[in-house]
Amino acid sequence: VLSLTVQPRCKIIRFILIQNRAGKTRLAKWYMQFDDDEKQKLIEEVHAVVTVRDAKHTNFVEFRNFKIIYRRYAGLYFCICVDVTDNNLAYLEAIHNFVEVLNEYFHNVCELDLVFNFYKVYTVVDEMFLAGEIRETSQTKVLKQLLMLQSLE
Amino acid sequence: MTPSVRLQEMIRVIRSARTQGEERGIIQRECADIRSQFRQGDNGERSHSLAKLLYVHMLGYPAHFGQMECVRLIASPRYSEKRIGYLGAMMLLDEKQDASLLITNSIKNDLSHSSQYVQSLALCTLACMGSAEMCRDLAPEIERLLRASHSYIKKKATLCAVHIIRKVPELAELFTPSARTLLSEKNHGVLHGAVVLITELCERNPDTLVQFRKAVPELVQIMKGLVTSSYSPEHNVAGISDPFLQVRILRLLRILGHNNDTASDAMNDLLAQVATNTDSSKTAGSAVLYETVLTIMDINSESGLRVLAVNILGRFLLNNDRNIRYISMTSLQKIVQTDHNAVQRHRGTIVDCLKDQDTSVKRRALELSLALVSAVNIRSMMKELLIFLSVCPPELRSQTASGIFNAAERYSPSKRWHIDTILHVLTTAGGDVRDETVPNLIQLITTASELHCYTVHKLYRALIKDIAQQSLVQVACWCIGEYGDLLLKGECEEIEPVQVTEDDILDALETVLQSHMSSPATRGFALTATMKLSTRITDNVDRIRSIVSIYGSCIDLELQQRAVEYNALFKKYDHMRYRSAVLERMPVMDKNSPGHTNGDTSGEIKEPDTSKPKPVEVCDLLDLLGGTDTPLQPSPAPTSTPTTTSSADLLDLLGGLEIKPGEKFSLYRKIYMFGIITIKKKKKHLKIQCDKQTETEVTVTLIASNSTQNDITNFTLQAAVPKVCTHSVFKLGSVFAHTNSRYSFHLTILLYHPLQVSLKMRIRVAYSNQGAMHQDTVQIDSFPSAACQPSFSPL
């Protein structure tokens with residue numbers, strides 16, 4: 001049985017996933033210690049749970065002892081795994097914030113952008129989330145930093 | 001880093017593979033290529049190779065051989081190489097790998113690098129995969145960065161500190177002073193990080209929490225600033241300024257105000273302000289409002305504020321957005337006990353949510369509805385719940401059914417309504433109810449004696465309609481067996497009369513017996529019911545006899561045993577009117593009869609005895625057995641007023657049923673209490689074995705055996721225990737027949753007794769041996785200790 005509790009009442013983002021409908025992972029950011037096969041299993045399970053839901057479901061799925069907040073944008077599912085006691089709506093907004101930044105950064109982002117520039121997507125994630133928490137929420141600021149970083153390379 | 005053409009090319013090639021096998025081949029080739037690149041050393045291509053490897057890793061292929069390369073690249077002076085090295089470290093290395101320790105030094109150096117972007121890379125990586133040792137090493141550096149640096153770095157440093165504290169809780173004190181000063185930052189990102197850090201510190205250490213309570217006014221000020229002014233366009237989301245920061249501050253306030261009046265008072269006004277002024281038309285505003293509600297509910301807020309919070313939740317229930325309805329119900333569930341009346345006002349909306357299309361919303365609505373059932377609204381609520389039961393998704397049925405049963409048990413306005421409700425549930429969802437439903441319903445039916453006629457008619461009609469629902473069929477069979485005579489009478493007050501003949505009833509029962517849909521347990525019920533009818537009907541007893549004898553050779557062991565025994569009742573004991581005695585109407589069953597062992601001990605046992613406990617001498621035994629021969633030791637007054645009824649009951653229950661040696665005995669309905677004594681007299685003896693002694697329980701096993709040459713017949717046993725052992729359970733084990741005329745009984749007695757009472761037991765046995773009646777009485781004054789040595793008690 002996979003247990004995703006760091007300790008009781010630990011409100012931390014466990015992981016962030018971007019998957020497409022076929023189950024291919026476009027981004028997997030883990031904020032907790034997992035073995036490789038545990039990670040694989042989680043990816044498969046999240047995919048299974050999230051893809052059967054449609055517009056008449058809520059954006060929250062509770063299973064086992066954690067909770068997935070997700071939203072579908074075109075063919076991609078953006079999932080954040082949080083503690084059951086966390087504020088669902090706040091994380092839903094965080095997802096949207098993140099997607100808007102991606103959109104701005106890649107100029108009307110599409111899935112292929114995320115594929116061919118996967119390392120850049122990680123940069124965006126690391127600007128906005130850190131240590132399992134939301135880090136920067138101002139889109140303007142994040143974009144400014146991203147452009148700075150890009151110029152360095 | 002502009003991806004090298006080769007990287008993009010590789011990605012394109014991989015994506016063009018048509019089969020899994022083809023992809024694997026390409027990957028293998030590329031990995032070989034990458035490996036050789038790594039071996040070549042510094043040639044400007046290493047970062048591209050690692051990037052390729054990371055892509056391969058993302059597809060799910062093993063990439064361990066890249067770990068050392070990450071270490072090397074991190075140590076490189078070039079930013080582009082460092083950058084990919086750190087990314088690789090975050091993706092490929094974790095605490096368990098040894099290689100992760102090797103980068104500690106690089107991180108340390110990079111934390112003091114002149115470029116803030118390099119510093120930021122190091123911070124990010126440490127916060128992502130830093131092990132406890134690395135954290136311990138680098139904590140002082142982080143602390144320094146918290147105080148001294150640029151806000152870009154401070155943001156990351158605060159969250160890095162959070163990670164460190166999670167890994168190494170003892171280091172929390174290191175960060176506490178700096179955390180406090182960070183609250184005066186203007187930069188939202190830093191502030192956000194600071195609030196997160198303080199939250200983490202307070203959650204882990206109660207002393208720190210007390211310390212940070214002093215910061216409540218400051219936090220309140222910050223919040224006020226966010227709510228009233230809107231001059232932070234960069235952090236604006238749908239008209240709310242920095243909802244994420246607001247949510248975090250609210251959460252911290254919750255922790256600080258919990259169980260503390262001063263702190264709660266200080267934030268009262270603010271919470272009211274946020275609750276009233278926040279625009280909830282978009283998700284962002286709702287998120288803030290939701291967190292506000294959670295905070296109000298968790299601190300010592302005044303009642304007006306609590307009502308405000310419940311009203312917000314009520315408004316959420318009417319929101320078009322399903323998400324918001326869902327979380328509203330989640331919160332209402334938590335407060336339905338404490339603020340019951342406030343939640344009751346929204347009952348109508350909640351019940352409507354039962355019809356939502358999302359199962360998780362339905363589940364929440366169900367839980368809430370069940371919590372809101374009360375004596376006042378039971379009828380209307382039950383109507384809704386029963387409708388829901390018939391259309392709800394399968395995974396919710398058993399929960400709904402048990403919820404309905406609980407509600408009915410607590411609040412039913414009348415017995416008839418109660419029975420009707422249970423029947424309705426059994427008809428709709430009989431397959432999903434718990435096992436105890438059948439005995440519970442039977443028990444309920446027996447207590448409603450005025451409704452027996454009504455009940456049996458209803459059940460009979462349900463039975464002839466459909467025999468698929470096992471629980472319903474079982475109850476119906478039982479009732480028909482018990483009250484078949486009422487069914488035959490045809491008339492009943494509350495139901496239209498219908499003529500039912502004896503043949504009709506027997507047909508119905510036989511259908512159940514023969515149907516492939518009936519489970520073995522159900523058929524057992526049906527057979528017993530058929531047998532019971534033999535004393536309640538007049539014309540068709542022969543038919544019953546033939547049914548019973550057919551099942552005497554049934555393959556199912558349980559059915560066969562029953563049929564054989566019933567046959568025996570017909571054949572051997574008919575003249576003794578034994579059959580009618582055995583099959584007579586069941587008494588009303590008491591829910592707390594012995595056998596329901598759930599710690600419900602008598603008052604004497606529960607009394608907290610603060611005075612020095614004195615041993616209670618029990619003198620009741622004498623009374624129990626009619627004051628025979630040897631008197632017990634003199635006793636002081638017993639602690640409780642003696643009630644004489646219980647002793648009489650014990651004796652009555654010792655029905656003196658005869659046991660023939662060698663005959664297999666099955667217990668019928670009444671619980672017969674026996675004691676077995678060893679009568680060690682001419683090779684007849686009783687062994688008393690005492691085991692499983694706990695503080696309040698003693699299990700006594702008595703084994704009697706006869707090793708004489710002769711039969712011992714008319715063996716009667718009686719046992720009595722002190723009154724205080726009110727919940728003792730006697731169980732007769734099987735009777736063993738040994739060779740010749742040896743036999744033995746096993747009897748288990750589970751005695752509950754209060755601690756200070758010394759256990760005693762008196763046993764009387766009567767038997768006839770070679771025509772002469774014997775009677776012996778044995779007193780057991782002390783039970784063997786937990787050492788469980790069998791003791792022999794000679795007579």
# chains A, B, ... in the order shown; residues from 1 in each chain; ligands from 1

$ interface_residues --of "chain B" --to "chain A" --cutoff "6 Å" --atoms "only C-alpha atoms" --output "MDAnalysis selection string"
chainID B and resid 1 80 127:128 163 189 234:235 287 322:323 358

$ select_by_dssp --residues "chain A" --states "strand (DSSP E)" --output "ChimeraX atom specification"
/A:15-20,25-30,60-63,66-73,76-82,129-130,133-134

$ closest_residue --among "B:Ala51, B:Ile505, B:Leu533, B:Leu441" --to "Arg83 (chain B)" --atoms "only C-alpha atoms"
B:Ala51

$ select_by_dssp --residues "chain A" --states "helix (DSSP H, G or I)" --output "number ranges by chain"
A: 36-51, 88-105, 111-116, 118-128, 139-152

$ atom_distance --atom1 "CA of Phe316 (chain B)" --atom2 "CA of Ser281 (chain B)"
10.4 Å

$ residues_around --residues "Val274 (chain B)" --least-positions-apart "4" --cutoff "8 Å" --atoms "only C-alpha atoms" --output "list of chain:residue names"
B:Val227, B:Leu270, B:Thr278, B:Leu289, B:Thr292

$ residues_around --residues "region 24-35 of chain B" --least-positions-apart "3" --cutoff "8 Å" --atoms "only C-alpha atoms" --output "list in words"
Met10, Val13, Ile14, Gln20, Gly21, Phe38, Arg39, Ser49, Leu50, Lys52, Leu53, Val56 and Phe65 of chain B

$ atom_distance --atom1 "CA of Arg46 (chain B)" --atom2 "CA of Gln67 (chain B)"
12.7 Å

$ atom_distance --atom1 "CA of Cys202 (chain B)" --atom2 "CA of Val288 (chain B)"
21.6 Å
